[in-house]
Amino acid sequence: MWWENIRAKNRFKTEAMSLSSNGRSPLRFLIILPEHTTESELAKRFVFAMRNALGPMGGNQIRILGPANVGNLINMEGFHDFILYTETDLNRWGLPGKELNWACQRIKVDAVLDLNQDFAPVSAMICSRIAAPLKVGFFSKEGERYFNVMIRRHGSELKESGFKEIFQILGIR
């Protein structure tokens, strides 16, 4: 991962985005699903809560990207744009391969939200490939290189009350 960080240091230049009431708020979102199936139920609740918070067109504003084993546990009906990857899409070091990197570079969103509670290298590399002004992830020492907003969670899980906190960061009412 250190080699990828050196190569991609100044690859993407993005414009700043303000989440104030006077600034431009994000309209298109990418949700990166957790890499472990143990977190799939929380991810499912979050994805549907976010779609409901965005209103009737919420399914069109959200893109989902994640491992196929987690994505298959979430009902993707109502979502029009999602990418699920398998082990064959990863290279020999367990990081995203060429095709997955290319697909990620083509994604145009305003905000990326990584739902991994702990640092996940594959999701972090995917996040670094996407040109978005706002990248939100959970606090970790390694995450400082990949996210410009990190959420510090309290306790062992993120509860539904934490969803409101994330929605405030993303500018969703």
# chains A, B, ... in the order shown; residues from 1 in each chain; ligands from 1
call {"tool": "residues_around", "arguments": {"residues": "region 106-122 of chain A", "least_positions_apart": "6", "cutoff": "10 Å", "atoms": "only C-alpha atoms", "output": "PyMOL selection string"}}
result
chain A and resi 1+17+24-36+39-40+42-43+46-47+61-67+90+94-96+128-143+147+149-153+156-158+166+170
call {"tool": "select_by_dssp", "arguments": {"residues": "region 2-159 of chain A", "states": "helix (DSSP H, G or I)", "output": "short mmCIF file (atom, residue, chain, number, x, y, z; two decimals) with all heavy atoms, in the first residue's frame"}}
result
data_model
loop_
_atom_site.label_atom_id
_atom_site.label_comp_id
_atom_site.auth_asym_id
_atom_site.auth_seq_id
_atom_site.Cartn_x
_atom_site.Cartn_y
_atom_site.Cartn_z
N TRP A 2 2.05 1.18 0.57
CA TRP A 2 2.89 2.38 0.60
C TRP A 2 3.29 2.79 -0.81
O TRP A 2 3.39 3.98 -1.12
CB TRP A 2 4.11 2.18 1.49
CG TRP A 2 5.04 1.10 1.02
CD1 TRP A 2 5.02 -0.21 1.34
CD2 TRP A 2 6.13 1.26 0.11
NE1 TRP A 2 6.00 -0.90 0.70
CE2 TRP A 2 6.72 -0.02 -0.07
CE3 TRP A 2 6.68 2.33 -0.57
CZ2 TRP A 2 7.81 -0.22 -0.89
CZ3 TRP A 2 7.77 2.11 -1.39
CH2 TRP A 2 8.32 0.85 -1.55
N TRP A 3 3.51 1.82 -1.72
CA TRP A 3 3.86 2.14 -3.09
C TRP A 3 2.69 2.82 -3.80
O TRP A 3 2.86 3.78 -4.54
CB TRP A 3 4.28 0.88 -3.84
CG TRP A 3 4.61 1.14 -5.27
CD1 TRP A 3 3.89 0.75 -6.35
CD2 TRP A 3 5.72 1.87 -5.78
NE1 TRP A 3 4.48 1.18 -7.50
CE2 TRP A 3 5.62 1.89 -7.18
CE3 TRP A 3 6.79 2.53 -5.19
CZ2 TRP A 3 6.53 2.53 -7.99
CZ3 TRP A 3 7.70 3.16 -6.02
CH2 TRP A 3 7.58 3.15 -7.38
N GLU A 4 1.48 2.34 -3.58
CA GLU A 4 0.30 2.96 -4.17
C GLU A 4 0.11 4.38 -3.66
O GLU A 4 -0.30 5.27 -4.40
CB GLU A 4 -0.94 2.13 -3.89
CG GLU A 4 -1.02 0.85 -4.67
CD GLU A 4 -1.19 1.08 -6.15
OE1 GLU A 4 -1.90 2.03 -6.55
OE2 GLU A 4 -0.59 0.32 -6.93
N ASN A 5 0.40 4.62 -2.38
CA ASN A 5 0.28 5.96 -1.82
C ASN A 5 1.26 6.92 -2.48
O ASN A 5 0.93 8.08 -2.74
CB ASN A 5 0.53 5.94 -0.31
CG ASN A 5 -0.62 5.32 0.44
OD1 ASN A 5 -1.75 5.33 -0.03
ND2 ASN A 5 -0.34 4.76 1.60
N ILE A 6 2.47 6.46 -2.76
CA ILE A 6 3.46 7.31 -3.42
C ILE A 6 3.03 7.62 -4.85
O ILE A 6 3.09 8.77 -5.29
CB ILE A 6 4.85 6.64 -3.40
CG1 ILE A 6 5.39 6.61 -1.96
CG2 ILE A 6 5.82 7.36 -4.32
CD1 ILE A 6 6.64 5.78 -1.79
N ARG A 7 2.56 6.61 -5.57
CA ARG A 7 2.15 6.79 -6.97
C ARG A 7 0.93 7.68 -7.11
O ARG A 7 0.82 8.44 -8.06
CB ARG A 7 1.84 5.44 -7.61
CG ARG A 7 3.07 4.64 -7.90
CD ARG A 7 2.75 3.34 -8.58
NE ARG A 7 1.84 3.54 -9.69
CZ ARG A 7 0.97 2.64 -10.09
NH1 ARG A 7 0.86 1.49 -9.47
NH2 ARG A 7 0.18 2.87 -11.11
N THR A 37 -18.74 -9.98 6.59
CA THR A 37 -20.18 -10.26 6.61
C THR A 37 -20.80 -10.01 7.99
O THR A 37 -22.00 -9.83 8.08
CB THR A 37 -20.46 -11.72 6.19
OG1 THR A 37 -19.72 -12.60 7.05
CG2 THR A 37 -20.06 -11.95 4.75
N THR A 38 -19.98 -9.97 9.03
CA THR A 38 -20.51 -9.71 10.37
C THR A 38 -21.09 -8.30 10.49
O THR A 38 -21.94 -8.06 11.34
CB THR A 38 -19.43 -9.90 11.45
OG1 THR A 38 -18.32 -9.05 11.14
CG2 THR A 38 -18.98 -11.35 11.51
N GLU A 39 -20.66 -7.39 9.61
CA GLU A 39 -21.15 -6.01 9.65
C GLU A 39 -22.22 -5.75 8.59
O GLU A 39 -22.63 -4.62 8.39
CB GLU A 39 -19.98 -5.05 9.45
CG GLU A 39 -18.93 -5.13 10.53
CD GLU A 39 -17.72 -4.27 10.24
OE1 GLU A 39 -17.69 -3.58 9.20
OE2 GLU A 39 -16.79 -4.27 11.06
N SER A 40 -22.69 -6.80 7.92
CA SER A 40 -23.64 -6.62 6.82
C SER A 40 -25.00 -6.12 7.29
O SER A 40 -25.64 -5.32 6.58
CB SER A 40 -23.80 -7.92 6.03
OG SER A 40 -24.38 -8.92 6.83
N GLU A 41 -25.46 -6.56 8.43
CA GLU A 41 -26.77 -6.12 8.91
C GLU A 41 -26.78 -4.62 9.22
O GLU A 41 -27.73 -3.92 8.88
CB GLU A 41 -27.19 -6.92 10.15
CG GLU A 41 -28.60 -6.66 10.61
CD GLU A 41 -29.65 -6.99 9.56
OE1 GLU A 41 -29.48 -7.95 8.81
OE2 GLU A 41 -30.67 -6.26 9.49
N LEU A 42 -25.71 -4.14 9.84
CA LEU A 42 -25.59 -2.71 10.12
C LEU A 42 -25.52 -1.92 8.81
O LEU A 42 -26.17 -0.89 8.66
CB LEU A 42 -24.34 -2.43 10.96
CG LEU A 42 -24.10 -0.98 11.30
CD1 LEU A 42 -25.18 -0.46 12.22
CD2 LEU A 42 -22.74 -0.81 11.95
N ALA A 43 -24.77 -2.43 7.83
CA ALA A 43 -24.67 -1.77 6.53
C ALA A 43 -26.03 -1.72 5.85
O ALA A 43 -26.40 -0.70 5.27
CB ALA A 43 -23.65 -2.48 5.66
N LYS A 44 -26.76 -2.80 5.93
CA LYS A 44 -28.10 -2.87 5.32
C LYS A 44 -29.01 -1.82 5.95
O LYS A 44 -29.69 -1.07 5.23
CB LYS A 44 -28.68 -4.26 5.51
CG LYS A 44 -30.06 -4.45 4.94
CD LYS A 44 -30.54 -5.86 5.18
CE LYS A 44 -31.93 -6.08 4.65
NZ LYS A 44 -32.37 -7.46 4.86
N ARG A 45 -29.02 -1.73 7.26
CA ARG A 45 -29.86 -0.73 7.93
C ARG A 45 -29.44 0.69 7.55
O ARG A 45 -30.28 1.55 7.33
CB ARG A 45 -29.80 -0.92 9.44
CG ARG A 45 -30.52 -2.15 9.92
CD ARG A 45 -30.76 -2.17 11.41
NE ARG A 45 -29.65 -1.73 12.21
CZ ARG A 45 -28.86 -2.51 12.93
NH1 ARG A 45 -29.07 -3.81 12.94
NH2 ARG A 45 -27.87 -2.02 13.64
N PHE A 46 -28.13 0.92 7.45
CA PHE A 46 -27.65 2.26 7.11
C PHE A 46 -28.04 2.63 5.68
O PHE A 46 -28.51 3.73 5.43
CB PHE A 46 -26.13 2.37 7.26
CG PHE A 46 -25.63 3.72 6.88
CD1 PHE A 46 -25.70 4.77 7.77
CD2 PHE A 46 -25.12 3.96 5.61
CE1 PHE A 46 -25.27 6.04 7.42
CE2 PHE A 46 -24.68 5.21 5.25
CZ PHE A 46 -24.76 6.25 6.15
N VAL A 47 -27.84 1.72 4.73
CA VAL A 47 -28.14 2.00 3.33
C VAL A 47 -29.62 2.34 3.15
O VAL A 47 -29.97 3.31 2.47
CB VAL A 47 -27.73 0.80 2.44
CG1 VAL A 47 -28.32 0.91 1.06
CG2 VAL A 47 -26.22 0.68 2.37
N PHE A 48 -30.50 1.58 3.78
CA PHE A 48 -31.93 1.84 3.64
C PHE A 48 -32.36 3.09 4.40
O PHE A 48 -33.24 3.82 3.95
CB PHE A 48 -32.75 0.62 4.05
CG PHE A 48 -32.69 -0.47 3.01
CD1 PHE A 48 -31.90 -1.58 3.19
CD2 PHE A 48 -33.40 -0.34 1.82
CE1 PHE A 48 -31.82 -2.56 2.23
CE2 PHE A 48 -33.33 -1.32 0.85
CZ PHE A 48 -32.53 -2.44 1.05
N ALA A 49 -31.72 3.37 5.54
CA ALA A 49 -32.02 4.61 6.26
C ALA A 49 -31.59 5.82 5.42
O ALA A 49 -32.30 6.83 5.37
CB ALA A 49 -31.30 4.62 7.61
N MET A 50 -30.46 5.72 4.76
CA MET A 50 -29.99 6.82 3.92
C MET A 50 -30.90 7.01 2.72
O MET A 50 -31.23 8.14 2.36
CB MET A 50 -28.55 6.58 3.47
CG MET A 50 -27.96 7.75 2.73
SD MET A 50 -26.20 7.54 2.59
CE MET A 50 -25.83 8.94 1.56
N ARG A 51 -31.31 5.92 2.09
CA ARG A 51 -32.22 6.03 0.95
C ARG A 51 -33.53 6.68 1.38
O ARG A 51 -34.06 7.55 0.67
CB ARG A 51 -32.49 4.67 0.34
CG ARG A 51 -33.32 4.78 -0.95
CD ARG A 51 -33.56 3.47 -1.58
NE ARG A 51 -34.54 2.73 -0.78
CZ ARG A 51 -34.98 1.54 -1.08
NH1 ARG A 51 -34.53 0.91 -2.12
NH2 ARG A 51 -35.88 0.95 -0.33
N ASN A 52 -34.04 6.31 2.54
CA ASN A 52 -35.28 6.92 3.03
C ASN A 52 -35.08 8.39 3.37
O ASN A 52 -35.97 9.20 3.14
CB ASN A 52 -35.79 6.16 4.25
CG ASN A 52 -36.29 4.78 3.88
OD1 ASN A 52 -36.64 4.51 2.72
ND2 ASN A 52 -36.31 3.88 4.85
N ALA A 53 -33.92 8.74 3.92
CA ALA A 53 -33.65 10.14 4.28
C ALA A 53 -33.53 11.02 3.04
O ALA A 53 -33.85 12.21 3.09
CB ALA A 53 -32.37 10.22 5.11
N LEU A 54 -33.07 10.45 1.92
CA LEU A 54 -32.93 11.23 0.69
C LEU A 54 -34.25 11.42 -0.06
O LEU A 54 -34.32 12.22 -0.98
CB LEU A 54 -31.91 10.56 -0.24
CG LEU A 54 -30.47 10.64 0.22
CD1 LEU A 54 -29.58 9.79 -0.68
CD2 LEU A 54 -29.97 12.08 0.24
N GLY A 58 -33.95 8.78 -3.70
CA GLY A 58 -32.77 8.32 -2.97
C GLY A 58 -32.04 7.17 -3.63
O GLY A 58 -30.82 7.11 -3.61
N GLY A 59 -32.77 6.25 -4.24
CA GLY A 59 -32.14 5.13 -4.92
C GLY A 59 -31.29 5.55 -6.11
O GLY A 59 -30.31 4.89 -6.45
N ASN A 60 -31.65 6.67 -6.73
CA ASN A 60 -30.88 7.17 -7.87
C ASN A 60 -29.65 7.96 -7.44
O ASN A 60 -28.74 8.13 -8.24
CB ASN A 60 -31.76 8.07 -8.75
CG ASN A 60 -32.88 7.29 -9.40
OD1 ASN A 60 -32.75 6.09 -9.62
ND2 ASN A 60 -33.96 7.97 -9.69
N GLN A 61 -29.62 8.46 -6.22
CA GLN A 61 -28.50 9.27 -5.75
C GLN A 61 -27.41 8.44 -5.10
O GLN A 61 -26.33 8.94 -4.86
CB GLN A 61 -29.00 10.30 -4.73
CG GLN A 61 -29.86 11.38 -5.33
CD GLN A 61 -30.34 12.32 -4.27
OE1 GLN A 61 -31.32 12.04 -3.58
NE2 GLN A 61 -29.64 13.42 -4.12
N ALA A 68 -18.88 -8.98 -2.96
CA ALA A 68 -20.10 -9.68 -3.35
C ALA A 68 -20.71 -10.47 -2.20
O ALA A 68 -21.94 -10.54 -2.08
CB ALA A 68 -19.81 -10.62 -4.53
N ASN A 69 -19.88 -11.04 -1.31
CA ASN A 69 -20.44 -11.82 -0.21
C ASN A 69 -21.24 -10.95 0.75
O ASN A 69 -22.19 -11.42 1.37
CB ASN A 69 -19.34 -12.60 0.52
CG ASN A 69 -18.28 -11.71 1.11
OD1 ASN A 69 -18.17 -10.54 0.80
ND2 ASN A 69 -17.47 -12.30 1.98
N VAL A 70 -20.90 -9.68 0.89
CA VAL A 70 -21.68 -8.76 1.74
C VAL A 70 -22.86 -8.20 0.94
O VAL A 70 -23.98 -8.12 1.45
CB VAL A 70 -20.79 -7.62 2.28
CG1 VAL A 70 -21.62 -6.61 3.06
CG2 VAL A 70 -19.69 -8.17 3.16
N GLY A 71 -22.61 -7.83 -0.31
CA GLY A 71 -23.68 -7.27 -1.15
C GLY A 71 -24.83 -8.22 -1.37
O GLY A 71 -25.98 -7.80 -1.48
N GLU A 87 -13.10 -12.14 -5.03
CA GLU A 87 -11.65 -12.35 -4.86
C GLU A 87 -10.92 -12.31 -6.19
O GLU A 87 -9.74 -11.93 -6.24
CB GLU A 87 -11.39 -13.69 -4.17
CG GLU A 87 -11.85 -13.75 -2.73
CD GLU A 87 -11.00 -12.90 -1.81
OE1 GLU A 87 -9.78 -12.83 -2.02
OE2 GLU A 87 -11.57 -12.31 -0.88
N THR A 88 -11.58 -12.68 -7.28
CA THR A 88 -10.92 -12.67 -8.59
C THR A 88 -10.64 -11.26 -9.10
O THR A 88 -9.83 -11.07 -9.99
CB THR A 88 -11.76 -13.43 -9.64
OG1 THR A 88 -13.04 -12.80 -9.74
CG2 THR A 88 -11.93 -14.89 -9.26
N ASP A 89 -11.32 -10.25 -8.53
CA ASP A 89 -11.10 -8.86 -8.91
C ASP A 89 -9.94 -8.22 -8.16
O ASP A 89 -9.60 -7.06 -8.41
CB ASP A 89 -12.37 -8.03 -8.67
CG ASP A 89 -13.51 -8.49 -9.54
OD1 ASP A 89 -13.28 -8.74 -10.75
OD2 ASP A 89 -14.64 -8.62 -9.03
N LYS A 98 -6.65 -4.29 -11.84
CA LYS A 98 -6.75 -3.25 -12.86
C LYS A 98 -8.19 -2.93 -13.23
O LYS A 98 -8.57 -1.76 -13.33
CB LYS A 98 -6.00 -3.68 -14.12
CG LYS A 98 -4.51 -3.67 -13.97
CD LYS A 98 -3.86 -4.09 -15.27
CE LYS A 98 -2.35 -4.18 -15.09
NZ LYS A 98 -1.70 -4.63 -16.34
N GLU A 99 -9.02 -3.95 -13.44
CA GLU A 99 -10.40 -3.71 -13.86
C GLU A 99 -11.21 -3.01 -12.78
O GLU A 99 -11.98 -2.10 -13.06
CB GLU A 99 -11.09 -5.03 -14.25
CG GLU A 99 -10.55 -5.66 -15.51
CD GLU A 99 -9.28 -6.48 -15.26
OE1 GLU A 99 -8.99 -6.79 -14.08
OE2 GLU A 99 -8.58 -6.78 -16.23
N LEU A 100 -11.01 -3.43 -11.54
CA LEU A 100 -11.72 -2.79 -10.44
C LEU A 100 -11.24 -1.35 -10.25
O LEU A 100 -12.05 -0.45 -10.03
CB LEU A 100 -11.54 -3.60 -9.14
CG LEU A 100 -12.33 -3.12 -7.93
CD1 LEU A 100 -13.82 -3.03 -8.22
CD2 LEU A 100 -12.08 -4.05 -6.75
N ASN A 101 -9.94 -1.11 -10.36
CA ASN A 101 -9.41 0.26 -10.28
C ASN A 101 -9.99 1.13 -11.39
O ASN A 101 -10.38 2.27 -11.16
CB ASN A 101 -7.88 0.26 -10.37
CG ASN A 101 -7.24 -0.07 -9.06
OD1 ASN A 101 -7.77 0.23 -8.00
ND2 ASN A 101 -6.07 -0.69 -9.13
N TRP A 102 -10.06 0.59 -12.59
CA TRP A 102 -10.59 1.34 -13.71
C TRP A 102 -12.07 1.68 -13.48
O TRP A 102 -12.50 2.80 -13.74
CB TRP A 102 -10.43 0.53 -14.99
CG TRP A 102 -10.87 1.24 -16.22
CD1 TRP A 102 -10.23 2.27 -16.85
CD2 TRP A 102 -12.06 1.00 -16.96
NE1 TRP A 102 -10.96 2.66 -17.95
CE2 TRP A 102 -12.08 1.90 -18.03
CE3 TRP A 102 -13.11 0.09 -16.82
CZ2 TRP A 102 -13.11 1.93 -18.96
CZ3 TRP A 102 -14.13 0.13 -17.74
CH2 TRP A 102 -14.12 1.04 -18.79
N ALA A 103 -12.83 0.73 -12.97
CA ALA A 103 -14.24 0.98 -12.68
C ALA A 103 -14.39 2.06 -11.60
O ALA A 103 -15.27 2.91 -11.69
CB ALA A 103 -14.93 -0.30 -12.25
N CYS A 104 -13.52 2.03 -10.61
CA CYS A 104 -13.57 3.03 -9.53
C CYS A 104 -13.21 4.42 -10.03
O CYS A 104 -13.80 5.41 -9.60
CB CYS A 104 -12.65 2.63 -8.39
SG CYS A 104 -13.18 1.16 -7.51
N GLN A 105 -12.24 4.51 -10.92
CA GLN A 105 -11.83 5.81 -11.44
C GLN A 105 -12.92 6.46 -12.28
O GLN A 105 -12.95 7.68 -12.41
CB GLN A 105 -10.55 5.66 -12.26
CG GLN A 105 -9.35 5.36 -11.41
CD GLN A 105 -8.11 5.02 -12.22
OE1 GLN A 105 -8.17 4.91 -13.45
NE2 GLN A 105 -7.00 4.85 -11.54
N PRO A 121 -7.89 -2.39 4.07
CA PRO A 121 -7.01 -1.95 2.98
C PRO A 121 -7.68 -1.90 1.61
O PRO A 121 -7.46 -0.96 0.85
CB PRO A 121 -5.89 -2.98 2.98
CG PRO A 121 -5.94 -3.63 4.30
CD PRO A 121 -7.34 -3.54 4.78
N VAL A 122 -8.50 -2.88 1.27
CA VAL A 122 -9.14 -2.89 -0.05
C VAL A 122 -10.07 -1.68 -0.18
O VAL A 122 -10.04 -0.96 -1.18
CB VAL A 122 -9.90 -4.21 -0.29
CG1 VAL A 122 -10.68 -4.15 -1.59
CG2 VAL A 122 -8.95 -5.38 -0.29
N SER A 123 -10.87 -1.44 0.82
CA SER A 123 -11.80 -0.30 0.78
C SER A 123 -11.05 1.02 0.76
O SER A 123 -11.46 1.97 0.08
CB SER A 123 -12.74 -0.35 1.97
OG SER A 123 -13.54 -1.50 1.91
N ALA A 124 -9.95 1.11 1.48
CA ALA A 124 -9.15 2.33 1.49
C ALA A 124 -8.56 2.60 0.11
O ALA A 124 -8.56 3.74 -0.37
CB ALA A 124 -8.05 2.23 2.54
N MET A 125 -8.06 1.56 -0.56
CA MET A 125 -7.51 1.72 -1.90
C MET A 125 -8.60 2.12 -2.89
O MET A 125 -8.38 2.96 -3.76
CB MET A 125 -6.81 0.45 -2.36
CG MET A 125 -5.56 0.12 -1.60
SD MET A 125 -4.33 1.43 -1.61
CE MET A 125 -3.94 1.53 -3.33
N ILE A 126 -9.78 1.54 -2.75
CA ILE A 126 -10.90 1.92 -3.60
C ILE A 126 -11.25 3.38 -3.38
O ILE A 126 -11.46 4.14 -4.33
CB ILE A 126 -12.12 1.00 -3.33
CG1 ILE A 126 -11.87 -0.38 -3.91
CG2 ILE A 126 -13.41 1.60 -3.88
CD1 ILE A 126 -12.89 -1.42 -3.52
N CYS A 127 -11.27 3.80 -2.14
CA CYS A 127 -11.58 5.19 -1.81
C CYS A 127 -10.54 6.14 -2.41
O CYS A 127 -10.88 7.22 -2.90
CB CYS A 127 -11.64 5.35 -0.29
SG CYS A 127 -12.26 6.94 0.24
N SER A 128 -9.28 5.72 -2.42
CA SER A 128 -8.24 6.59 -2.97
C SER A 128 -8.35 6.71 -4.49
O SER A 128 -7.88 7.69 -5.07
CB SER A 128 -6.85 6.07 -2.59
OG SER A 128 -6.55 4.88 -3.28
N ARG A 129 -8.96 5.78 -5.15
CA ARG A 129 -9.12 5.80 -6.61
C ARG A 129 -10.27 6.69 -7.07
O ARG A 129 -10.35 7.06 -8.23
CB ARG A 129 -9.36 4.39 -7.16
CG ARG A 129 -8.22 3.47 -6.96
CD ARG A 129 -7.11 3.85 -7.90
NE ARG A 129 -6.05 2.87 -7.85
CZ ARG A 129 -4.79 3.16 -7.55
NH1 ARG A 129 -4.45 4.39 -7.29
NH2 ARG A 129 -3.88 2.23 -7.53
N GLU A 142 -4.42 4.67 10.18
CA GLU A 142 -4.11 4.59 8.76
C GLU A 142 -5.08 5.39 7.89
O GLU A 142 -4.76 5.78 6.78
CB GLU A 142 -4.14 3.13 8.28
CG GLU A 142 -3.18 2.22 9.00
CD GLU A 142 -3.80 1.57 10.23
OE1 GLU A 142 -4.96 1.92 10.59
OE2 GLU A 142 -3.15 0.73 10.83
N GLY A 143 -6.27 5.64 8.40
CA GLY A 143 -7.32 6.30 7.62
C GLY A 143 -7.06 7.75 7.29
O GLY A 143 -7.69 8.30 6.39
N GLU A 144 -6.11 8.39 7.97
CA GLU A 144 -5.83 9.80 7.72
C GLU A 144 -5.40 10.05 6.28
O GLU A 144 -5.60 11.14 5.76
CB GLU A 144 -4.77 10.30 8.69
CG GLU A 144 -5.23 10.33 10.11
CD GLU A 144 -4.14 10.75 11.08
OE1 GLU A 144 -3.00 11.00 10.64
OE2 GLU A 144 -4.43 10.83 12.28
N ARG A 145 -4.79 9.07 5.64
CA ARG A 145 -4.33 9.23 4.26
C ARG A 145 -5.47 9.12 3.25
O ARG A 145 -5.32 9.56 2.11
CB ARG A 145 -3.31 8.16 3.92
CG ARG A 145 -2.04 8.29 4.65
CD ARG A 145 -1.06 7.26 4.15
NE ARG A 145 0.18 7.37 4.86
CZ ARG A 145 0.84 6.34 5.37
NH1 ARG A 145 0.35 5.12 5.22
NH2 ARG A 145 1.97 6.51 6.00
#
call {"tool": "select_by_dssp", "arguments": {"residues": "region 7-106 of chain A", "states": "strand (DSSP E)", "output": "list in words"}}
result
Phe29, Leu30, Ile31, Ile32, Ile62, Arg63, Ile64, Leu65, Gly66, Pro67, Asp81, Phe82, Ile83, Leu84 and Tyr85 of chain A
call {"tool": "write_last_selection", "arguments": {"atoms": "all heavy atoms", "output": "short mmCIF file (atom, residue, chain, number, x, y, z; two decimals), in the first residue's frame"}}
result
data_model
loop_
_atom_site.label_atom_id
_atom_site.label_comp_id
_atom_site.auth_asym_id
_atom_site.auth_seq_id
_atom_site.Cartn_x
_atom_site.Cartn_y
_atom_site.Cartn_z
N PHE A 29 -23.87 10.02 -3.91
CA PHE A 29 -23.13 9.37 -2.84
C PHE A 29 -22.67 7.98 -3.27
O PHE A 29 -23.39 7.29 -3.99
CB PHE A 29 -24.02 9.22 -1.60
CG PHE A 29 -24.57 10.52 -1.10
CD1 PHE A 29 -25.81 10.97 -1.53
CD2 PHE A 29 -23.86 11.28 -0.20
CE1 PHE A 29 -26.32 12.17 -1.07
CE2 PHE A 29 -24.37 12.48 0.26
CZ PHE A 29 -25.60 12.93 -0.18
N LEU A 30 -21.50 7.60 -2.80
CA LEU A 30 -21.02 6.23 -2.96
C LEU A 30 -20.85 5.65 -1.58
O LEU A 30 -20.16 6.23 -0.74
CB LEU A 30 -19.68 6.18 -3.70
CG LEU A 30 -19.03 4.80 -3.75
CD1 LEU A 30 -19.84 3.86 -4.66
CD2 LEU A 30 -17.60 4.87 -4.22
N ILE A 31 -21.48 4.51 -1.35
CA ILE A 31 -21.34 3.80 -0.09
C ILE A 31 -20.48 2.58 -0.33
O ILE A 31 -20.81 1.75 -1.18
CB ILE A 31 -22.70 3.40 0.49
CG1 ILE A 31 -23.53 4.65 0.79
CG2 ILE A 31 -22.53 2.55 1.74
CD1 ILE A 31 -24.93 4.36 1.24
N ILE A 32 -19.37 2.49 0.39
CA ILE A 32 -18.50 1.32 0.31
C ILE A 32 -18.91 0.37 1.42
O ILE A 32 -18.84 0.72 2.60
CB ILE A 32 -17.02 1.71 0.43
CG1 ILE A 32 -16.63 2.65 -0.71
CG2 ILE A 32 -16.14 0.46 0.42
CD1 ILE A 32 -15.22 3.17 -0.64
N ILE A 62 -27.69 7.19 -4.81
CA ILE A 62 -26.75 6.35 -4.08
C ILE A 62 -26.17 5.29 -5.00
O ILE A 62 -26.91 4.60 -5.71
CB ILE A 62 -27.45 5.66 -2.89
CG1 ILE A 62 -27.97 6.69 -1.89
CG2 ILE A 62 -26.50 4.68 -2.21
CD1 ILE A 62 -28.80 6.10 -0.78
N ARG A 63 -24.85 5.18 -4.97
CA ARG A 63 -24.15 4.08 -5.62
C ARG A 63 -23.57 3.21 -4.52
O ARG A 63 -23.16 3.73 -3.48
CB ARG A 63 -23.03 4.58 -6.51
CG ARG A 63 -23.53 5.32 -7.71
CD ARG A 63 -22.38 5.76 -8.55
NE ARG A 63 -22.88 6.25 -9.82
CZ ARG A 63 -22.15 6.36 -10.90
NH1 ARG A 63 -20.88 6.02 -10.87
NH2 ARG A 63 -22.66 6.80 -12.00
N ILE A 64 -23.50 1.93 -4.76
CA ILE A 64 -22.99 0.99 -3.75
C ILE A 64 -21.86 0.19 -4.36
O ILE A 64 -21.97 -0.27 -5.50
CB ILE A 64 -24.12 0.07 -3.24
CG1 ILE A 64 -25.21 0.91 -2.58
CG2 ILE A 64 -23.57 -0.98 -2.30
CD1 ILE A 64 -26.43 0.14 -2.18
N LEU A 65 -20.79 0.04 -3.61
CA LEU A 65 -19.64 -0.72 -4.05
C LEU A 65 -19.18 -1.57 -2.88
O LEU A 65 -19.08 -1.06 -1.76
CB LEU A 65 -18.52 0.23 -4.51
CG LEU A 65 -17.35 -0.40 -5.21
CD1 LEU A 65 -16.84 0.56 -6.27
CD2 LEU A 65 -16.24 -0.74 -4.27
N GLY A 66 -18.91 -2.84 -3.12
CA GLY A 66 -18.44 -3.67 -2.02
C GLY A 66 -18.24 -5.11 -2.43
O GLY A 66 -18.50 -5.50 -3.57
N PRO A 67 -17.79 -5.92 -1.49
CA PRO A 67 -17.58 -7.33 -1.77
C PRO A 67 -18.91 -8.04 -2.05
O PRO A 67 -19.93 -7.72 -1.43
CB PRO A 67 -16.92 -7.88 -0.51
CG PRO A 67 -16.90 -6.79 0.48
CD PRO A 67 -17.41 -5.55 -0.13
N ASP A 81 -27.48 1.46 -9.32
CA ASP A 81 -26.07 1.46 -9.66
C ASP A 81 -25.26 0.86 -8.52
O ASP A 81 -25.13 1.48 -7.46
CB ASP A 81 -25.62 2.89 -9.95
CG ASP A 81 -24.33 2.95 -10.71
OD1 ASP A 81 -23.81 1.89 -11.10
OD2 ASP A 81 -23.84 4.06 -10.93
N PHE A 82 -24.75 -0.33 -8.73
CA PHE A 82 -23.89 -0.95 -7.72
C PHE A 82 -22.85 -1.83 -8.38
O PHE A 82 -23.07 -2.36 -9.47
CB PHE A 82 -24.70 -1.73 -6.69
CG PHE A 82 -25.60 -2.79 -7.25
CD1 PHE A 82 -25.13 -4.07 -7.45
CD2 PHE A 82 -26.91 -2.50 -7.57
CE1 PHE A 82 -25.96 -5.06 -7.96
CE2 PHE A 82 -27.74 -3.47 -8.09
CZ PHE A 82 -27.27 -4.76 -8.28
N ILE A 83 -21.70 -1.93 -7.72
CA ILE A 83 -20.60 -2.78 -8.18
C ILE A 83 -20.24 -3.71 -7.05
O ILE A 83 -19.93 -3.26 -5.94
CB ILE A 83 -19.36 -1.94 -8.57
CG1 ILE A 83 -19.67 -0.98 -9.71
CG2 ILE A 83 -18.19 -2.86 -8.94
CD1 ILE A 83 -18.55 -0.01 -10.01
N LEU A 84 -20.32 -4.99 -7.30
CA LEU A 84 -19.92 -5.99 -6.32
C LEU A 84 -18.72 -6.73 -6.87
O LEU A 84 -18.74 -7.20 -8.00
CB LEU A 84 -21.07 -6.96 -6.04
CG LEU A 84 -22.36 -6.33 -5.50
CD1 LEU A 84 -23.43 -7.38 -5.31
CD2 LEU A 84 -22.10 -5.60 -4.19
N TYR A 85 -17.66 -6.83 -6.08
CA TYR A 85 -16.44 -7.49 -6.54
C TYR A 85 -16.21 -8.77 -5.74
O TYR A 85 -16.73 -8.94 -4.65
CB TYR A 85 -15.23 -6.56 -6.45
CG TYR A 85 -14.90 -6.08 -5.06
CD1 TYR A 85 -14.07 -6.83 -4.23
CD2 TYR A 85 -15.40 -4.88 -4.57
CE1 TYR A 85 -13.76 -6.40 -2.95
CE2 TYR A 85 -15.08 -4.44 -3.30
CZ TYR A 85 -14.26 -5.21 -2.50
OH TYR A 85 -13.95 -4.78 -1.24
#
call {"tool": "atom_distance", "arguments": {"atom1": "CA of Leu73 (chain A)", "atom2": "CA of Gly171 (chain A)"}}
result
27.7 Å
